[in-house]
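Asks: data21.cif is reproduced in full below (mmCIF, C-alpha atoms and all ligand atoms).
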```
data_model
#
loop_
_atom_site.label_atom_id
_atom_site.label_comp_id
_atom_site.auth_asym_id
_atom_site.auth_seq_id
_atom_site.Cartn_x
_atom_site.Cartn_y
_atom_site.Cartn_z
CA MET A 4 132.17 38.49 75.26
CA THR A 5 128.46 38.89 76.02
CA THR A 6 126.12 40.86 73.83
CA LEU A 7 125.80 43.47 76.56
CA SER A 8 129.54 44.04 76.94
CA ARG A 9 129.94 44.11 73.14
CA PHE A 10 127.23 46.80 73.05
CA PHE A 11 129.00 48.72 75.83
CA TYR A 12 132.41 48.67 74.11
CA ARG A 13 130.90 49.61 70.77
CA PHE A 14 129.12 52.65 72.21
CA PHE A 15 131.69 53.49 74.91
CA PRO A 16 132.98 56.62 73.08
CA ALA A 17 129.45 57.91 72.64
CA ILE A 18 128.56 57.22 76.29
CA LEU A 19 131.75 58.93 77.44
CA ALA A 20 131.04 61.94 75.25
CA LEU A 21 127.51 62.15 76.63
CA LEU A 22 128.78 62.05 80.23
CA VAL A 23 131.39 64.75 79.56
CA ALA A 24 128.89 66.94 77.76
CA TRP A 25 126.13 66.40 80.32
CA PRO A 26 126.92 69.28 82.73
CA THR A 27 126.61 71.89 79.98
CA TYR A 28 123.65 74.02 81.01
CA ALA A 29 124.34 76.90 78.69
CA ALA A 30 124.12 76.81 74.90
CA PHE A 31 126.16 79.61 73.41
CA THR A 32 125.75 81.08 69.96
CA ASP A 33 128.53 83.29 68.65
CA ASN A 34 126.82 86.24 66.96
CA ASN A 35 130.14 87.13 65.26
CA ASP A 36 129.79 90.73 66.40
CA GLY A 37 131.63 90.44 69.70
CA THR A 38 128.53 89.17 71.49
CA ILE A 39 127.47 85.70 72.62
CA THR A 40 123.84 84.68 73.06
CA ASP A 41 122.92 82.00 75.59
CA THR A 42 119.92 80.29 74.02
CA VAL A 43 118.95 78.82 77.39
CA THR A 44 118.63 82.11 79.29
CA GLY A 45 118.02 84.31 76.26
CA LEU A 46 120.72 86.69 77.47
CA THR A 47 123.24 88.25 75.13
CA TRP A 48 126.67 88.78 76.67
CA ASP A 49 129.60 90.94 75.80
CA GLN A 50 132.10 88.30 74.68
CA CYS A 51 134.99 90.18 76.27
CA SER A 52 135.55 91.35 79.80
CA TRP A 53 135.34 95.17 79.90
CA GLY A 54 138.63 96.61 78.65
CA LEU A 55 139.34 93.72 76.26
CA SER A 56 138.43 93.77 72.57
CA GLY A 57 139.17 92.27 69.19
CA ALA A 58 139.35 88.68 67.98
CA GLY A 59 139.69 86.30 70.90
CA CYS A 60 139.43 89.33 73.22
CA ALA A 61 143.21 89.51 72.80
CA ALA A 62 143.55 93.30 72.62
CA GLY A 63 143.67 95.66 75.59
CA ALA A 64 143.58 94.80 79.29
CA ALA A 65 140.61 93.82 81.45
CA SER A 66 139.90 96.76 83.76
CA LEU A 67 139.04 96.81 87.46
CA HIS A 68 136.14 98.88 88.81
CA THR A 69 134.37 99.63 92.05
CA TRP A 70 130.74 98.51 92.10
CA THR A 71 129.49 102.05 91.43
CA GLN A 72 131.97 102.41 88.58
CA ALA A 73 130.79 99.05 87.21
CA LEU A 74 127.24 100.42 86.98
CA GLY A 75 128.76 103.44 85.25
CA VAL A 76 130.52 101.18 82.73
CA ALA A 77 127.09 100.10 81.46
CA VAL A 78 126.00 103.73 81.17
CA ALA A 79 129.18 104.56 79.26
CA ALA A 80 128.77 101.51 77.00
CA ASN A 81 125.23 102.57 76.11
CA GLY A 82 126.32 106.16 75.47
CA ALA A 83 128.96 104.86 73.04
CA SER A 84 126.60 102.30 71.39
CA HIS A 85 128.98 99.53 72.42
CA LYS A 86 128.81 96.79 69.75
CA GLY A 87 125.84 98.57 68.20
CA ARG A 88 123.62 98.33 71.27
CA ASN A 89 122.45 100.77 73.92
CA ASP A 90 120.73 98.49 76.44
CA TRP A 91 123.79 97.06 78.18
CA ARG A 92 123.64 96.58 81.94
CA LEU A 93 125.59 94.99 84.74
CA PRO A 94 124.28 91.41 85.14
CA SER A 95 122.43 90.36 88.26
CA LYS A 96 123.96 87.72 90.52
CA ASN A 97 121.76 84.99 89.01
CA GLU A 98 122.54 86.06 85.46
CA LEU A 99 126.28 86.14 86.07
CA GLU A 100 126.17 82.77 87.82
CA SER A 101 124.50 81.29 84.72
CA LEU A 102 127.87 81.69 82.93
CA VAL A 103 129.70 79.45 85.39
CA LYS A 104 130.85 76.17 83.82
CA ILE A 105 130.67 73.72 86.68
CA ASP A 106 133.21 71.27 85.24
CA ALA A 107 135.83 73.93 84.65
CA TYR A 108 138.04 76.13 86.81
CA ALA A 109 140.69 78.82 86.37
CA PRO A 110 138.56 80.10 84.72
CA ALA A 111 135.23 78.44 85.47
CA ILE A 112 133.67 79.48 82.16
CA ASP A 113 133.43 78.28 78.56
CA THR A 114 136.66 79.83 77.25
CA THR A 115 135.69 79.19 73.63
CA ALA A 116 132.66 81.44 74.02
CA PHE A 117 134.36 83.84 76.44
CA PRO A 118 138.12 83.98 75.75
CA GLY A 119 140.31 86.10 77.96
CA THR A 120 138.09 85.70 81.02
CA MET A 121 140.00 86.47 84.20
CA SER A 122 140.18 83.72 86.84
CA ASP A 123 139.06 86.38 89.23
CA LEU A 124 136.14 88.36 90.71
CA TYR A 125 133.40 89.94 88.56
CA TRP A 126 130.76 92.33 89.90
CA SER A 127 127.05 91.61 89.72
CA SER A 128 124.44 94.38 90.06
CA THR A 129 122.83 92.62 93.02
CA ASN A 130 122.97 94.36 96.38
CA PHE A 131 123.75 92.26 99.44
CA ALA A 132 120.40 92.53 101.21
CA SER A 133 121.66 92.42 104.80
CA ASN A 134 124.32 95.08 104.18
CA PRO A 135 123.70 97.65 101.42
CA ALA A 136 127.41 98.58 101.56
CA ASP A 137 128.15 95.21 99.92
CA ALA A 138 127.20 93.66 96.58
CA TRP A 139 127.43 90.15 95.13
CA PHE A 140 130.28 88.99 92.89
CA VAL A 141 131.08 85.76 91.04
CA PHE A 142 134.57 84.33 91.40
CA PHE A 143 135.38 82.92 87.95
CA TYR A 144 138.36 80.99 89.31
CA ASP A 145 136.11 78.30 90.76
CA GLY A 146 132.61 79.62 90.02
CA SER A 147 131.80 80.47 93.62
CA THR A 148 129.88 83.55 94.69
CA ASP A 149 129.96 85.89 97.65
CA ALA A 150 129.38 89.54 98.57
CA TYR A 151 131.89 92.20 99.51
CA VAL A 152 132.16 95.95 100.03
CA LYS A 153 131.27 97.98 96.93
CA SER A 154 134.47 100.02 97.02
CA SER A 155 136.42 96.89 96.04
CA THR A 156 137.63 96.82 92.43
CA TYR A 157 136.59 93.80 90.37
CA TYR A 158 136.19 92.93 86.69
CA VAL A 159 133.07 93.64 84.63
CA ARG A 160 131.21 91.78 81.89
CA LEU A 161 128.08 93.42 80.51
CA VAL A 162 124.86 91.75 79.45
CA ARG A 163 121.77 92.78 77.55
CA GLY A 164 118.36 91.47 76.62
CA GLY A 165 116.76 88.32 77.88
CA GLN A 166 114.50 88.19 80.84
CA LEU A 167 115.62 90.71 83.40
CA PHE A 168 116.03 88.53 86.47
CA ASP A 169 116.20 90.26 89.84
CA SER A 170 115.35 93.57 88.24
CA PHE A 171 114.65 95.11 91.63
CA ASP A 172 118.21 94.41 92.75
CA SER A 173 119.45 97.07 90.37
CA LEU A 174 116.60 99.49 90.80
CA VAL A 175 117.92 102.83 91.95
CA VAL A 176 115.26 104.95 93.67
CA THR A 177 115.75 108.71 93.38
CA SER A 178 112.23 109.98 94.06
CA TYR A 179 109.96 109.47 97.05
CA THR A 180 106.35 110.58 97.44
CA ALA A 181 104.34 110.09 100.63
CA PRO A 182 102.00 111.99 102.96
CA SER A 183 103.67 114.47 105.30
CA ALA A 184 103.81 113.45 108.95
CA THR A 185 101.68 116.49 109.84
CA GLY A 186 98.65 115.81 107.63
CA THR A 187 99.28 118.69 105.22
CA GLY A 188 99.26 116.43 102.12
CA ASN A 189 101.70 114.57 99.89
CA ILE A 190 105.34 115.60 99.64
CA THR A 191 107.69 114.52 96.83
CA ALA A 192 111.45 114.49 97.41
CA SER A 193 113.51 113.83 94.26
CA PHE A 194 117.21 114.15 93.71
CA SER A 195 119.71 114.11 90.87
CA GLY A 196 123.46 113.56 90.81
CA GLY A 197 125.58 111.21 92.87
CA GLY A 198 126.34 108.75 90.06
CA PRO A 199 124.31 105.96 88.46
CA GLY A 200 124.10 103.76 91.57
CA CYS A 201 123.06 106.55 93.95
CA GLY A 202 119.60 105.99 95.44
CA TYR A 203 117.56 106.32 98.60
CA THR A 204 118.21 103.60 101.17
CA VAL A 205 116.04 105.42 103.72
CA SER A 206 113.33 107.99 102.96
CA GLN A 207 110.56 109.02 105.33
CA PHE A 208 108.59 112.08 106.36
CA ILE A 209 108.69 112.42 110.13
CA PRO A 210 107.18 114.80 112.71
CA LEU A 211 109.32 117.38 114.49
CA THR A 212 109.13 115.28 117.65
CA GLY A 213 107.82 111.89 118.66
CA HIS A 214 109.30 109.70 115.91
CA GLY A 215 112.35 107.53 116.50
CA ALA A 216 114.28 109.61 113.98
CA SER A 217 112.93 112.97 115.27
CA PRO A 218 115.28 115.44 116.97
CA PRO A 219 115.01 115.67 120.78
CA ALA A 220 111.78 117.32 121.94
CA GLY A 221 112.20 120.99 122.76
CA SER A 222 115.41 121.35 120.74
CA ALA A 223 113.83 123.10 117.75
CA PRO A 224 114.78 126.73 117.09
CA ALA A 225 112.58 129.21 118.95
CA GLY A 226 109.96 131.08 116.97
CA VAL A 227 110.07 128.63 114.06
CA SER A 228 107.32 126.19 113.10
CA PHE A 229 107.61 123.18 110.82
CA PRO A 230 104.18 122.87 109.17
CA HIS A 231 105.23 119.88 107.01
CA GLY A 232 107.41 118.17 109.59
CA LEU A 233 110.84 116.88 108.53
CA PHE A 234 112.30 114.72 105.74
CA ASP A 235 114.66 112.03 106.96
CA PHE A 236 116.71 110.21 104.32
CA THR A 237 119.89 108.31 103.54
CA THR A 238 121.33 107.71 100.08
CA GLY A 239 123.70 104.85 99.26
CA GLY A 240 125.76 103.66 96.32
CA CYS A 241 126.78 107.22 95.45
CA THR A 242 130.13 108.20 94.03
CA PRO A 243 132.18 109.18 97.12
CA GLY A 244 132.45 112.94 97.45
CA SER A 245 129.73 113.54 94.85
CA THR A 246 126.99 116.17 95.15
CA ILE A 247 123.27 115.51 94.97
CA THR A 248 120.64 118.19 94.39
CA LEU A 249 117.25 117.69 95.99
CA VAL A 250 113.95 119.23 95.03
CA VAL A 251 111.29 118.80 97.70
CA THR A 252 107.76 119.71 96.61
CA TYR A 253 105.26 120.48 99.38
CA PRO A 254 101.45 120.44 99.16
CA GLN A 255 101.21 124.19 99.84
CA ALA A 256 103.32 127.22 98.99
CA LEU A 257 106.03 127.97 101.56
CA PRO A 258 105.50 131.40 103.21
CA ALA A 259 107.98 134.24 102.74
CA GLY A 260 110.93 133.94 105.09
CA THR A 261 110.88 130.12 105.07
CA VAL A 262 114.32 128.60 105.75
CA TYR A 263 115.43 124.98 105.33
CA TRP A 264 116.51 123.88 108.80
CA LYS A 265 118.55 120.80 109.55
CA TYR A 266 119.42 118.96 112.75
CA GLY A 267 122.81 117.25 112.81
CA PRO A 268 126.55 117.76 113.04
CA THR A 269 128.36 120.11 110.66
CA PRO A 270 131.99 120.23 109.48
CA THR A 271 132.65 123.04 112.01
CA ASP A 272 130.57 121.63 114.89
CA GLY A 273 130.53 117.86 115.39
CA SER A 274 127.69 117.95 117.95
CA TYR A 275 124.05 117.58 116.89
CA HIS A 276 122.49 121.02 116.58
CA TRP A 277 119.99 122.97 114.46
CA TYR A 278 121.38 125.00 111.58
CA GLN A 279 120.16 126.56 108.34
CA LEU A 280 121.02 124.74 105.11
CA PRO A 281 121.34 127.07 102.12
CA ALA A 282 118.29 126.40 99.95
CA VAL A 283 116.23 128.08 97.28
CA ILE A 284 112.65 128.39 98.47
CA ALA A 285 110.27 129.14 95.59
CA GLY A 286 106.53 128.58 95.60
CA ASN A 287 105.97 125.16 97.12
CA THR A 288 109.48 123.82 96.50
CA ALA A 289 112.75 123.79 98.42
CA THR A 290 115.88 123.06 96.37
CA PHE A 291 119.26 122.39 97.95
CA SER A 292 122.50 120.53 97.29
CA ILE A 293 124.48 118.32 99.63
CA THR A 294 127.99 117.07 98.97
CA ASP A 295 128.93 113.67 100.39
CA GLY A 296 131.11 114.51 103.41
CA GLY A 297 130.16 118.21 103.36
CA LEU A 298 127.58 120.48 105.02
CA GLY A 299 124.28 118.64 105.32
CA ASP A 300 125.77 115.10 105.32
CA ASP A 301 125.43 113.90 108.90
CA ASP A 302 128.22 111.29 108.63
CA LEU A 303 130.63 114.07 107.54
CA THR A 304 132.68 111.62 105.45
CA ALA A 305 132.99 111.15 101.68
CA ASN A 306 131.88 107.52 101.80
CA GLY A 307 129.22 107.29 99.09
CA THR A 308 126.43 107.70 101.64
CA ILE A 309 124.59 110.93 102.47
CA VAL A 310 122.61 111.09 105.70
CA ASP A 311 120.23 114.00 106.08
CA GLN A 312 117.28 115.20 108.08
CA GLY A 313 115.54 118.54 107.89
CA GLY A 314 112.59 120.57 106.78
CA PRO A 315 111.26 124.01 105.94
CA GLY A 316 110.92 126.23 109.01
CA VAL A 317 108.41 129.05 108.92
CA PRO A 318 109.23 132.11 111.04
CA GLY A 319 106.80 133.35 113.66
CA GLY A 320 105.75 130.02 115.04
CA ALA A 321 102.51 128.30 114.23
CA ALA A 322 100.43 131.52 114.28
CA SER A 323 102.25 133.28 111.46
CA ILE A 324 98.86 134.31 110.04
CA PRO A 325 96.71 135.91 112.83
CA THR A 326 93.35 134.24 113.38
CA LEU A 327 90.10 136.23 113.42
CA SER A 328 90.04 136.47 117.23
CA GLU A 329 93.64 137.69 117.18
CA TRP A 330 92.71 140.39 114.67
CA ALA A 331 89.92 141.42 117.04
CA MET A 332 92.40 141.59 119.95
CA LEU A 333 94.79 143.68 117.83
CA MET A 334 92.01 146.10 116.86
CA LEU A 335 90.92 146.34 120.49
CA ALA A 336 94.49 147.01 121.56
CA GLY A 337 94.78 149.65 118.84
CA LEU A 338 91.55 151.34 119.91
CA MET A 339 92.66 151.31 123.56
CA GLY A 340 95.96 152.87 122.45
CA LEU A 341 94.14 155.63 120.56
CA PHE A 342 91.93 156.35 123.59
CA GLY A 343 95.03 156.38 125.78
CA VAL A 344 96.86 158.85 123.53
CA SER A 345 93.82 161.16 123.30
CA ALA A 346 93.38 160.94 127.10
CA MET A 347 97.04 161.92 127.62
CA ARG A 348 96.68 164.82 125.18
CA ARG A 349 93.61 166.03 127.05
CA ARG A 350 95.51 165.88 130.35
CA GLY A 351 98.58 167.58 128.85
CA ALA A 352 96.52 170.32 127.22
CA CA A 401 128.82 110.66 103.67
#
```
Please, can you express the file's structure as structure tokens?
Replies:
Amino acid sequence: MTTLSRFFYRFFPAILALLVAWPTYAAFTDNNDGTITDTVTGLTWDQCSWGLSGAGCAAGAASLHTWTQALGVAVAANGASHKGRNDWRLPSKNELESLVKIDAYAPAIDTTAFPGTMSDLYWSSTNFASNPADAWFVFFYDGSTDAYVKSSTYYVRLVRGGQLFDSFDSLVVTSYTAPSATGTGNITASFSGGGPGCGYTVSQFIPLTGHGASPPAGSAPAGVSFPHGLFDFTTGGCTPGSTITLVVTYPQALPAGTVYWKYGPTPTDGSYHWYQLPAVIAGNTATFSITDGGLGDDDLTANGTIVDQGGPGVPGGAASIPTLSEWAMLMLAGLMGLFGVSAMRRRGA
């Protein structure tokens, strides 16, 4: 036996152990409070899938959630100070993938650190960029990843702390400020309701005509002007059938008699037409509510998406306040009327 082979046989167990241990990218620390910290990523994970608890995550049953519900699980966990913390969130795709153990399957995870993990699909918070109706998941059977429609029900594991990778993936936008399309100043359109994942996927201020999203030219209701143009928006990721309440703040006070007009189909008339959406007009704000699938939602279905387009219509057309020359014409007309009446009286006398 050569010196080299003797060396190899002597250290064979150590070499083997090194090779087996090599693909371990994560270094887990059990915090003994139901959480596991990955010292590589700095993230702290809920040791159990949502729904499981206790030693070895042996109690309860892992629960299935739609993507929107999964975002809500984090909100609920924070409200209940889950495991003494209130900064839980749904992990991003990259964060969730960091848990995959590449030399394991069914489940593809360190089962000592994360007992009770389902060999199944877990939601990430990351939207699928080319189709906002889908989001990314990690398949902990083999560690693969893909995206699918958000209404699917998958498992959830929450995370907290660390560096928030892909923070914009989970950013839900509920307020939009931009100049009006008519040059009157900045408009802010904010909404509340619709669930934790409900945000604008489209938001733009458009003119009454001439924009790709504008209603057909000449279709607007007669005798009504739209000094601030229209607001065109779509929300996504909302709880199906939920109601959002919008407050749109305009740069100037809305005149008396202002009505919020919309162009689109309604539950009682499927063709595109102008109609008045019930709204509270006060000062420079218009406040109204739209229920997913109800009046004001152009897709007329409770699908988690609200499609809307409309704006405040001022009665009397553009010249609701007479200009100086118009006042002069009115006075002249009034004077001529007075002369006419006095002339008639003289003739009749
Ligand atoms: Ca809808």
Asks: Kindly provide the residues of chain A that approach ligand CA 401 (chain A) to within 6 Å, each paired with its closest atom pair and their distance in Å to one decimal, based on all atoms listed in the file, listed by chain and increasing number, as a Markdown table.
Replies:
```
| residue | atom | partner | partner_atom | distance |
| --- | --- | --- | --- | --- |
| A:Asp295 | CA | A:CA401 | CA | 4.5 |
| A:Gly296 | CA | A:CA401 | CA | 4.5 |
| A:Asp300 | CA | A:CA401 | CA | 5.6 |
| A:Asp302 | CA | A:CA401 | CA | 5.0 |
| A:Leu303 | CA | A:CA401 | CA | 5.5 |
| A:Thr304 | CA | A:CA401 | CA | 4.4 |
| A:Ala305 | CA | A:CA401 | CA | 4.6 |
| A:Asn306 | CA | A:CA401 | CA | 4.8 |
| A:Gly307 | CA | A:CA401 | CA | 5.7 |
| A:Thr308 | CA | A:CA401 | CA | 4.3 |
| A:Ile309 | CA | A:CA401 | CA | 4.4 |
```
Asks: Neighbouring residues of Ser127 (chain A) were defined as those with any atom within 12 Å, considering only C-alpha atoms; residues of the same chain fewer than 5 positions away were excluded. Please report them as a ChimeraX atom specification.
Replies: /A:68-74,77,92-101,137-142,148-151,153,157-162,168-170,172-173
Asks: Identify which of the residues A:Lys86, A:Arg163, A:His214, A:His231 lies closest to Gly186 (chain A), counting only C-alpha atoms when measuring atom-to-atom distances.
Replies: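 Once distances to Gly186 (chain A) are computed over only C-alpha atoms, the minimum belongs to A:His231.
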Asks: So what do you get for CA of Ser133 (chain A) versus CA of Leu298 (chain A), distance-wise?
Replies: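 Interatomic distance, CA of Ser133 (chain A) to CA of Leu298 (chain A): 28.7 Å.
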Asks: Using all atoms listed in the file, which residue out of A:Gly299, A:Gly226, A:Gly202, A:Pro254 lies closest to Thr187 (chain A)?
Replies: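 Answer, going by the shortest atom-to-atom distance: A:Pro254.
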Asks: Find the distance between CA of Val205 (chain A) and CA of Phe236 (chain A) and write it in Å to one decimal.
Replies: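 A separation of 4.9 Å between them.
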Asks: What is the distance, in Å and to one decimal place, between CA of Gly244 (chain A) and CA of Phe194 (chain A)?
Replies: 15.7 Å
Asks: Contacts of region 103-113 of chain A at 7 Å or less, counting all atoms listed in the file, minus same-chain residues fewer than 2 places along, as a list in words?
Replies: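 The neighbour list is Glu100, Ser101, Thr115, Ala116, Phe117, Thr120, Met121, Ser122, Phe143, Tyr144, Asp145 and Gly146 of chain A.
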Asks: Go ahead and save the picked residues with C-alpha atoms, as a short mmCIF file (atom, residue, chain, number, x, y, z; two decimals), keeping the file's coordinate frame.
Replies:
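Below you can see result.cif, which holds the result:
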```cif
data_model
loop_
_atom_site.label_atom_id
_atom_site.label_comp_id
_atom_site.auth_asym_id
_atom_site.auth_seq_id
_atom_site.Cartn_x
_atom_site.Cartn_y
_atom_site.Cartn_z
CA GLU A 100 126.17 82.77 87.82
CA SER A 101 124.50 81.29 84.72
CA THR A 115 135.69 79.19 73.63
CA ALA A 116 132.66 81.44 74.02
CA PHE A 117 134.36 83.84 76.44
CA THR A 120 138.09 85.70 81.02
CA MET A 121 140.00 86.47 84.20
CA SER A 122 140.18 83.72 86.84
CA PHE A 143 135.38 82.92 87.95
CA TYR A 144 138.36 80.99 89.31
CA ASP A 145 136.11 78.30 90.76
CA GLY A 146 132.61 79.62 90.02
#
```
Asks: So that I can check the surroundings of Ala136 (chain A), please list as a VMD selection string every protein, DNA and RNA residue that reaches within 9 Å of it, counting only C-alpha atoms and ignoring chain neighbours fewer than 3 positions away.
Replies: chain A and resid 130 to 131 151 to 154 239 to 240
Asks: For Asp36 (chain A), which residue out of A:Gly75, A:His85, A:Thr294, A:Ser66 is the nearest one, using all atoms listed in the file?
Replies: A:His85
Asks: For Val227 (chain A), which residue out of A:Thr261, A:Ser52, A:Thr271, A:Asn34 is the nearest one, using all atoms listed in the file?
Replies: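 Between A:Thr261, A:Ser52, A:Thr271, A:Asn34, the residue approaching Val227 (chain A) most closely is A:Thr261.
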Asks: Extract, using all atoms listed in the file, all DNA, RNA and protein residues at most 10 Å from region 222-224 of chain A, discarding same-chain residues fewer than 2 positions from it, and format them as a PyMOL selection string.
Replies: chain A and resi 211-212+218-220+226-229+264-266+276-278+316+318+320
Asks: Hey, can you spit out that residue selection with C-alpha atoms as a PDB file, keeping the file's coordinate frame?
Replies:
```pdb
ATOM      1  CA  LEU A 211     109.320 117.380 114.490  1.00  0.00           C
ATOM      2  CA  THR A 212     109.130 115.280 117.650  1.00  0.00           C
ATOM      3  CA  PRO A 218     115.280 115.440 116.970  1.00  0.00           C
ATOM      4  CA  PRO A 219     115.010 115.670 120.780  1.00  0.00           C
ATOM      5  CA  ALA A 220     111.780 117.320 121.940  1.00  0.00           C
ATOM      6  CA  GLY A 226     109.960 131.080 116.970  1.00  0.00           C
ATOM      7  CA  VAL A 227     110.070 128.630 114.060  1.00  0.00           C
ATOM      8  CA  SER A 228     107.320 126.190 113.100  1.00  0.00           C
ATOM      9  CA  PHE A 229     107.610 123.180 110.820  1.00  0.00           C
ATOM     10  CA  TRP A 264     116.510 123.880 108.800  1.00  0.00           C
ATOM     11  CA  LYS A 265     118.550 120.800 109.550  1.00  0.00           C
ATOM     12  CA  TYR A 266     119.420 118.960 112.750  1.00  0.00           C
ATOM     13  CA  HIS A 276     122.490 121.020 116.580  1.00  0.00           C
ATOM     14  CA  TRP A 277     119.990 122.970 114.460  1.00  0.00           C
ATOM     15  CA  TYR A 278     121.380 125.000 111.580  1.00  0.00           C
ATOM     16  CA  GLY A 316     110.920 126.230 109.010  1.00  0.00           C
ATOM     17  CA  PRO A 318     109.230 132.110 111.040  1.00  0.00           C
ATOM     18  CA  GLY A 320     105.750 130.020 115.040  1.00  0.00           C
TER      19      GLY A 320
END
```
Asks: Check the smallest atom-to-atom distance from each of A:Val175, A:Cys51, A:Cys241, A:Val78 to Thr129 (chain A) using all atoms listed in the file, then report the winner.
Replies: A:Val175
Asks: Point out the residue among A:Thr38, A:Gln279, A:Thr269, A:Ser274 with the least atom-to-atom distance to Gly297 (chain A), counting all atoms listed in the file.
Replies: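 Going through A:Thr38, A:Gln279, A:Thr269, A:Ser274 one by one, the smallest distance to Gly297 (chain A) is for A:Thr269.
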Asks: Could you pull the residues within 7 Å of Ala192 (chain A), counting all atoms listed in the file, minus those fewer than 5 positions along the same chain, as a ChimeraX atom specification?
Replies: /A:178-180,249-252
